[in-house]
Amino acid sequence: MKASQGYNVLHPMGWDSFGLPAENAAIAKNTHPKLWTEKNIDNMREQLKKIGLSYDWKQEIATHTPEYYKHEQKFFLDFLAKNIAYQKETYVNWDPVDNTVLANEQVIDGRGWRSGALIERKKLKGWFLKVTDYANELLTDLDKLNNWPNSVIAMQKKWLGKSSGALIDFEILNRSDKLSIYTTRPETIFGASFCAISPQHDLSLELAKLNQDLSAFIAEQSRLSATQEAIDKAEKLGFDTGLKVKHPFIEGKLLPLYVANFVLMEYGTGAIFACPAHDQRDFDFAKKYKLPITQVVSNTNDLVELEEAYLADGNLVNSDFLDGLEVQEAKKNIIEEIKKQKIGSEKINFRIRDWGISRQRYWGCPIPIIYCDDCGAVPVPEEDLPVKLPEDNIDFKKVGNPLDHHESWKYCKCPKCNKDAIRETDTFDTFFESSWYFFRFIDSANKLNGFSAAKANKYLPVDKYIGGIEHAILHLLYARFFTKALRDCNKSNISEPFKSVLTQGMVTHMSYKDKMDQWVDINDVSKNSGEYVNILNGEKVFPQRVEKMSKSKKNGLSPIEIIKNYGADTARLFMLSDSPPEKDLEWSDAGLDGAFKYLNKIWRVTNKLKPQEDFLAKGTYNTNQQEY
């Protein structure tokens with residue numbers, strides 16, 4: 001529409017072509033990921049051109065090419081110099097099927113977002129980007145995005161998870177160190193009945209060295225998913241350390257200290273004081289281990305035994321000098337008392353964690369770091385970029401990352417001292433590629449810097465971003481962070497990547513599985529006597545559910561076949577007319593037939609019309625023959 005009004009519109013096409021789906025598909029087809037990827041790009045490009053979509057193909061990019069990823073390797077080195085990137089050893093989300101690390105955002109209901117496998121906890125060293133340094137800006141800038149859907153804004157706010165509370169230092173009986181606890185409910189301190197620490201807390205690991213049972217408990221819990229969603233659903237389990245924690249406001253009261261599976265090391269300090277009456281997880285734990293439950297908030301004078309945690313507002317009870325105060329007023333008072341007694345402070349916290357960008361897979365952008373015994377982790381010099389993926393001798397049959405087994409590529413010389421060294425064999429999370437592509441589109445021929453600051457400042461932010469709601473947290477949040485990080489590295493003056501966002505619906509179709517629980521390509525499925533069969537082998541297949549068309553579910557239809565049978569106009573009309581862009585479109589042969597018949601009717605009607613010059617020559621309109 002804007003183009004028809006005379007605007008200069010950039011409508012480019014690009015291929016987010018690195019990643020696990022391409023690697024896994026190539027392995028299954030016994031071919032190289034590069035060959036598989038480029039064959040599919042050629043196929044999809046042909047389909048899109050035949051449909052007649054108005055892309056500017058001169059600006060086409062593909063993220064798996066060295067011409068693209070050499071620039072993001074440079075960005076990473078810039079982030080490293082700016083202290084936005086760093087390396088640490090920590091517990092990560094490990095996908096045992098895809099054999100790689102996943103960011104928190106890539107774990108859905110305790111499972112890998114691609115494989116669906118239950119996520120495990122594993123301690124690894126990896127590279128991270130300091131998203132937490134930008135948490136407050138990412139939150140406050142959401143108020144400026146007036147043309148974003150409210151649902152996307154709400155999802156980002158929830159994921160950023162800003163909370164206010166207090167940091168309190170608890171004394172541990174017979175120990176010189178203190179237990180630092182962050183809480184959003186400091187006003188419930190008088191209802192505390194126990195304290196708990198994460199299995200990955202430093203104190204847990206210290207105690208486990210002297211206690212085999214505790215060590216076994218920690219090992220068992222580390223095999224379980226540690227996302228908040230999964231923990232909320234799981235049975236609450238704990239191990240009594242035998243240590244006692246002094247209550248900071250009740251003289252002589254000691255709280256037992258547990259290692260508990262529902263305490264996350266990634267949130268707060270990895271330690272809690274538990275008030276079972278007003279937190280359901282604490283309540284479930286207290287019931288299981290027969291610990292006291294003291295109600296300290298109520299909206300009535302009559303206190304009865306609770307059947308579940310009381311989560312409503314009210315006034316403080318059983319709380320000494322806080323009695324009678326409303327919750328928010330009590331929170332202010334207890335924080336002032338904590339500061340007065342110098343046992344803690346007021347604190348703002350965010351749920352968002354730093355972005356772990358290391359992936360233990362081949363088909364991704366190599367991380368430009370070399371490890372030297374003398375010099376440590378050494379950045380690859382800029383003049384040596386790009387660090388290219390090796391394309392020969394890739395062995396996918398061995399367990400683990402193929403790059404780790406590729407000796408001729410892995411072993412190299414240190415750029416500083418020229419001694420024997422080893423390349424980083426992890427590759428970037430593929431969201432690294434999709435977090436800056438819009439910068440590349442505006443300057444796709446720029447070989448030196450990836451894009452120029454002048455063009456970025458002139459053409460960005462993007463006027464209209466169209467993408468599915470599934471990108472609300474992953475892609476959109478990372479793209480916003482990346483834009484701000486590039487700004488701080490003096491790459492542009494842009495702070496937000498997209499002015500307006502449209503979360504379009506998905507094209508959906510029924511999916512099918514065979515008796516081995518494997519997905520079956522819907523193009524190979526036929527209905528025979530009321531049953532569905534695979535036309536390739538005649539075996540019965542089973543309908544699953546209508547869901548978005550995807551490579552993983554094999555429920556996508558080939559546009560080429562549709563164009564051959566119906567023509568491009570029919571496909572275009574059906575997609576545009578059957579459903580508003582914000583709603584899902586269930587693909588149906590009946591709908592396609594309807595669009596085809598409608599276009600043919602228009603053709604028949606217009607084809608009967610005689611040329612305008614014939615009408616002008618006669619000068620009359622024949623009403624009986626209904627023609628000029």
# chains A, B, ... in the order shown; residues from 1 in each chain; ligands from 1
$ residues_around --residues "range 528-537 of chain A" --least-positions-apart "5" --cutoff "12 Å" --atoms "only C-alpha atoms" --output "compact mmCIF listing (two decimals) with C-alpha atoms, in the first residue's frame"
# COMPACT_ATOMS: atom_id res chain seq x y z
CA MET A 510 -3.60 -31.37 10.31
CA SER A 511 -0.44 -33.30 11.22
CA TYR A 512 0.06 -37.07 11.13
CA LYS A 513 2.20 -39.74 12.79
CA ASP A 514 2.89 -43.37 11.95
CA LYS A 515 2.79 -46.40 14.26
CA TRP A 519 5.87 -37.52 11.83
CA VAL A 520 4.64 -38.28 8.31
CA ASP A 521 4.78 -35.78 5.44
CA ILE A 522 1.19 -34.71 4.71
CA ASN A 523 1.98 -34.74 0.99
CA PHE A 542 -2.87 -41.34 12.57
CA PRO A 543 -4.18 -37.76 12.63
CA GLN A 544 -2.71 -35.68 15.48
$ select_by_dssp --residues "range 263-487 of chain A" --states "strand (DSSP E or B)" --output "ChimeraX atom specification"
/A:271-274,297-298,315-316,326,344-349,355-356,358-359,366,369-372,376-379,411-413,420-423,427-428,462-466
$ residues_around --residues "Asn418 in chain A" --least-positions-apart "5" --cutoff "10 Å" --atoms "only C-alpha atoms" --output "list in words"
Cys372, Cys412 and Lys413 of chain A
$ closest_residue --among "A:Gln200, A:Gln5, A:Ser17, A:Tyr68" --to "Ala445 in chain A" --atoms "only C-alpha atoms"
A:Tyr68
$ residues_around --residues "Glu187 in chain A" --least-positions-apart "6" --cutoff "8 Å" --atoms "only C-alpha atoms" --output "short mmCIF file (atom, residue, chain, number, x, y, z; two decimals) with N, CA and C atoms, in the first residue's frame"
data_model
loop_
_atom_site.label_atom_id
_atom_site.label_comp_id
_atom_site.auth_asym_id
_atom_site.auth_seq_id
_atom_site.Cartn_x
_atom_site.Cartn_y
_atom_site.Cartn_z
N LEU A 322 4.19 -4.95 63.34
CA LEU A 322 3.50 -4.77 62.06
C LEU A 322 2.01 -5.03 62.14
N VAL A 327 -0.75 -4.53 53.84
CA VAL A 327 0.44 -5.21 53.33
C VAL A 327 1.50 -4.24 52.83
N ALA A 330 3.05 -2.30 55.60
CA ALA A 330 3.89 -3.19 56.41
C ALA A 330 5.22 -3.45 55.71
N LYS A 331 5.18 -3.59 54.38
CA LYS A 331 6.40 -3.82 53.62
C LYS A 331 7.36 -2.63 53.77
N ILE A 334 8.84 -2.71 57.42
CA ILE A 334 9.82 -3.75 57.72
C ILE A 334 11.14 -3.48 57.00
#
$ residues_around --residues "Ala571 in chain A" --least-positions-apart "6" --cutoff "12 Å" --atoms "only C-alpha atoms" --output "number ranges by chain"
A: 47-48, 50-53, 557-565, 577-578, 587-589, 591-596, 599
$ residues_around --residues "range 94-107 of chain A" --least-positions-apart "5" --cutoff "6 Å" --atoms "only C-alpha atoms" --output "list in words"
Gly112, Trp113, Ile119, Glu120, Arg121, Gly356, Arg359 and Gln360 of chain A
$ residues_around --residues "Leu389 in chain A" --least-positions-apart "6" --cutoff "12 Å" --atoms "only C-alpha atoms" --output "ChimeraX atom specification"
/A:18,33-34,64-66,69-70,361-368,402-403,406,408-410,423-427
$ write_last_selection --atoms "N, CA, C and O atoms" --output "short mmCIF file (atom, residue, chain, number, x, y, z; two decimals), in the first residue's frame"
data_model
loop_
_atom_site.label_atom_id
_atom_site.label_comp_id
_atom_site.auth_asym_id
_atom_site.auth_seq_id
_atom_site.Cartn_x
_atom_site.Cartn_y
_atom_site.Cartn_z
N PHE A 18 21.11 -20.87 9.77
CA PHE A 18 21.83 -21.70 10.71
C PHE A 18 20.84 -22.38 11.65
O PHE A 18 19.68 -21.97 11.75
N PRO A 33 24.92 -30.17 6.06
CA PRO A 33 23.95 -29.11 6.37
C PRO A 33 23.99 -27.96 5.36
O PRO A 33 22.94 -27.38 5.06
N LYS A 34 25.16 -27.62 4.85
CA LYS A 34 25.25 -26.52 3.89
C LYS A 34 24.52 -26.88 2.59
O LYS A 34 23.75 -26.06 2.05
N HIS A 64 23.90 -18.08 7.08
CA HIS A 64 24.94 -19.10 7.16
C HIS A 64 26.16 -18.78 6.30
O HIS A 64 27.14 -19.52 6.32
N THR A 65 26.12 -17.66 5.57
CA THR A 65 27.25 -17.30 4.70
C THR A 65 28.30 -16.52 5.49
O THR A 65 27.97 -15.69 6.34
N PRO A 66 29.58 -16.75 5.21
CA PRO A 66 30.64 -15.98 5.89
C PRO A 66 30.49 -14.48 5.68
O PRO A 66 30.89 -13.70 6.55
N TYR A 69 28.02 -13.74 8.62
CA TYR A 69 28.39 -13.98 10.02
C TYR A 69 29.75 -13.43 10.43
O TYR A 69 30.05 -13.34 11.63
N LYS A 70 30.57 -13.03 9.46
CA LYS A 70 31.85 -12.41 9.87
C LYS A 70 31.61 -11.11 10.63
O LYS A 70 32.39 -10.74 11.52
N ARG A 361 26.93 -27.30 18.90
CA ARG A 361 26.55 -27.88 17.63
C ARG A 361 27.41 -27.32 16.49
O ARG A 361 28.03 -26.26 16.62
N TYR A 362 27.40 -28.05 15.38
CA TYR A 362 28.23 -27.66 14.24
C TYR A 362 27.62 -26.51 13.44
O TYR A 362 28.31 -25.52 13.15
N TRP A 363 26.35 -26.61 13.09
CA TRP A 363 25.77 -25.70 12.11
C TRP A 363 25.39 -24.37 12.75
O TRP A 363 24.23 -24.08 13.03
N GLY A 364 26.39 -23.56 13.00
CA GLY A 364 26.22 -22.25 13.59
C GLY A 364 27.46 -21.41 13.36
O GLY A 364 28.47 -21.89 12.82
N CYS A 365 27.39 -20.17 13.78
CA CYS A 365 28.53 -19.26 13.60
C CYS A 365 29.61 -19.55 14.65
O CYS A 365 29.33 -19.52 15.85
N PRO A 366 30.85 -19.83 14.22
CA PRO A 366 31.93 -20.09 15.18
C PRO A 366 32.18 -18.88 16.09
O PRO A 366 32.16 -17.73 15.62
N ILE A 367 32.39 -19.14 17.37
CA ILE A 367 32.71 -18.07 18.31
C ILE A 367 34.20 -17.75 18.17
O ILE A 367 35.06 -18.63 18.32
N PRO A 368 34.56 -16.49 17.86
CA PRO A 368 35.95 -16.15 17.51
C PRO A 368 36.88 -16.00 18.71
O PRO A 368 37.36 -14.91 19.02
N PRO A 402 30.55 -31.92 16.56
CA PRO A 402 31.49 -32.32 15.50
C PRO A 402 32.74 -31.44 15.43
O PRO A 402 33.81 -31.92 15.05
N LEU A 403 32.61 -30.17 15.78
CA LEU A 403 33.77 -29.28 15.74
C LEU A 403 34.83 -29.69 16.77
O LEU A 403 36.03 -29.46 16.56
N HIS A 406 37.06 -32.22 15.12
CA HIS A 406 37.70 -31.83 13.86
C HIS A 406 39.08 -31.26 14.16
O HIS A 406 39.27 -30.05 14.31
N SER A 408 42.00 -30.84 12.53
CA SER A 408 42.72 -29.90 11.65
C SER A 408 42.16 -28.48 11.76
O SER A 408 42.87 -27.51 11.48
N TRP A 409 40.89 -28.36 12.16
CA TRP A 409 40.30 -27.03 12.34
C TRP A 409 40.48 -26.55 13.79
O TRP A 409 40.74 -25.37 14.04
N LYS A 410 40.33 -27.48 14.72
CA LYS A 410 40.32 -27.14 16.15
C LYS A 410 41.69 -26.65 16.62
O LYS A 410 41.78 -25.66 17.37
N ARG A 423 40.92 -23.71 19.21
CA ARG A 423 39.79 -22.84 18.92
C ARG A 423 38.60 -23.15 19.85
O ARG A 423 38.44 -24.28 20.31
N GLU A 424 37.80 -22.14 20.07
CA GLU A 424 36.49 -22.36 20.71
C GLU A 424 35.66 -23.20 19.74
O GLU A 424 35.50 -22.84 18.57
N THR A 425 35.14 -24.34 20.21
CA THR A 425 34.37 -25.22 19.33
C THR A 425 32.86 -25.02 19.47
O THR A 425 32.10 -25.60 18.70
N ASP A 426 32.42 -24.20 20.43
CA ASP A 426 31.00 -23.86 20.51
C ASP A 426 30.66 -22.86 19.41
O ASP A 426 31.52 -22.09 18.96
N THR A 427 29.41 -22.87 19.00
CA THR A 427 28.92 -21.89 18.03
C THR A 427 27.85 -21.02 18.69
O THR A 427 27.31 -21.38 19.74
#
$ atom_distance --atom1 "CA of Asn174 in chain A" --atom2 "CA of Gln221 in chain A"
27.6 Å
$ atom_distance --atom1 "CA of Phe75 in chain A" --atom2 "CA of Phe438 in chain A"
14.7 Å
$ select_by_dssp --residues "range 68-110 of chain A" --states "alpha helix (DSSP H)" --output "list in words"
Tyr68, Tyr69, Lys70, His71, Glu72, Gln73, Lys74, Phe75, Phe76, Leu77, Asp78, Phe79, Leu80 and Ala81 of chain A
$ write_last_selection --atoms "N, CA, C and O atoms" --output "PDB file, in the first residue's frame"
ATOM      1  N   TYR A  68      27.909 -12.838   5.871  1.00  0.00           N
ATOM      2  CA  TYR A  68      26.997 -12.338   6.908  1.00  0.00           C
ATOM      3  C   TYR A  68      27.609 -12.506   8.293  1.00  0.00           C
ATOM      4  O   TYR A  68      27.731 -11.547   9.058  1.00  0.00           O
ATOM      5  N   TYR A  69      28.023 -13.739   8.621  1.00  0.00           N
ATOM      6  CA  TYR A  69      28.385 -13.980  10.023  1.00  0.00           C
ATOM      7  C   TYR A  69      29.749 -13.429  10.432  1.00  0.00           C
ATOM      8  O   TYR A  69      30.053 -13.342  11.627  1.00  0.00           O
ATOM      9  N   LYS A  70      30.574 -13.027   9.459  1.00  0.00           N
ATOM     10  CA  LYS A  70      31.852 -12.409   9.866  1.00  0.00           C
ATOM     11  C   LYS A  70      31.605 -11.107  10.629  1.00  0.00           C
ATOM     12  O   LYS A  70      32.387 -10.744  11.522  1.00  0.00           O
ATOM     13  N   HIS A  71      30.509 -10.429  10.307  1.00  0.00           N
ATOM     14  CA  HIS A  71      30.208  -9.167  10.984  1.00  0.00           C
ATOM     15  C   HIS A  71      29.737  -9.403  12.415  1.00  0.00           C
ATOM     16  O   HIS A  71      30.093  -8.649  13.325  1.00  0.00           O
ATOM     17  N   GLU A  72      28.960 -10.456  12.629  1.00  0.00           N
ATOM     18  CA  GLU A  72      28.520 -10.711  14.003  1.00  0.00           C
ATOM     19  C   GLU A  72      29.668 -11.215  14.866  1.00  0.00           C
ATOM     20  O   GLU A  72      29.672 -11.026  16.083  1.00  0.00           O
ATOM     21  N   GLN A  73      30.659 -11.862  14.242  1.00  0.00           N
ATOM     22  CA  GLN A  73      31.871 -12.209  14.998  1.00  0.00           C
ATOM     23  C   GLN A  73      32.577 -10.940  15.470  1.00  0.00           C
ATOM     24  O   GLN A  73      33.067 -10.879  16.607  1.00  0.00           O
ATOM     25  N   LYS A  74      32.592  -9.925  14.607  1.00  0.00           N
ATOM     26  CA  LYS A  74      33.178  -8.644  15.006  1.00  0.00           C
ATOM     27  C   LYS A  74      32.343  -7.984  16.097  1.00  0.00           C
ATOM     28  O   LYS A  74      32.898  -7.408  17.058  1.00  0.00           O
ATOM     29  N   PHE A  75      31.018  -8.063  15.988  1.00  0.00           N
ATOM     30  CA  PHE A  75      30.161  -7.498  17.037  1.00  0.00           C
ATOM     31  C   PHE A  75      30.453  -8.157  18.377  1.00  0.00           C
ATOM     32  O   PHE A  75      30.504  -7.494  19.421  1.00  0.00           O
ATOM     33  N   PHE A  76      30.639  -9.482  18.350  1.00  0.00           N
ATOM     34  CA  PHE A  76      30.946 -10.199  19.588  1.00  0.00           C
ATOM     35  C   PHE A  76      32.247  -9.677  20.210  1.00  0.00           C
ATOM     36  O   PHE A  76      32.327  -9.476  21.433  1.00  0.00           O
ATOM     37  N   LEU A  77      33.254  -9.457  19.383  1.00  0.00           N
ATOM     38  CA  LEU A  77      34.524  -8.925  19.903  1.00  0.00           C
ATOM     39  C   LEU A  77      34.339  -7.513  20.449  1.00  0.00           C
ATOM     40  O   LEU A  77      34.952  -7.141  21.458  1.00  0.00           O
ATOM     41  N   ASP A  78      33.482  -6.732  19.811  1.00  0.00           N
ATOM     42  CA  ASP A  78      33.157  -5.397  20.337  1.00  0.00           C
ATOM     43  C   ASP A  78      32.452  -5.518  21.686  1.00  0.00           C
ATOM     44  O   ASP A  78      32.733  -4.748  22.618  1.00  0.00           O
ATOM     45  N   PHE A  79      31.514  -6.453  21.787  1.00  0.00           N
ATOM     46  CA  PHE A  79      30.814  -6.674  23.056  1.00  0.00           C
ATOM     47  C   PHE A  79      31.803  -7.098  24.144  1.00  0.00           C
ATOM     48  O   PHE A  79      31.688  -6.695  25.305  1.00  0.00           O
ATOM     49  N   LEU A  80      32.773  -7.930  23.756  1.00  0.00           N
ATOM     50  CA  LEU A  80      33.778  -8.400  24.712  1.00  0.00           C
ATOM     51  C   LEU A  80      34.608  -7.228  25.226  1.00  0.00           C
ATOM     52  O   LEU A  80      34.856  -7.099  26.436  1.00  0.00           O
ATOM     53  N   ALA A  81      35.001  -6.345  24.320  1.00  0.00           N
ATOM     54  CA  ALA A  81      35.797  -5.172  24.707  1.00  0.00           C
ATOM     55  C   ALA A  81      34.986  -4.213  25.573  1.00  0.00           C
ATOM     56  O   ALA A  81      35.545  -3.522  26.437  1.00  0.00           O
TER      57      ALA A  81
END
$ atom_distance --atom1 "CA of Ile442 in chain A" --atom2 "CA of Lys58 in chain A"
11.1 Å
$ closest_residue --among "A:Lys491, A:Lys419, A:Lys244, A:Lys39" --to "Leu173 in chain A" --atoms "only C-alpha atoms"
A:Lys244
$ closest_residue --among "A:Ala219, A:Leu474, A:Ile343, A:Val9" --to "Pro248 in chain A" --atoms "only C-alpha atoms"
A:Ile343
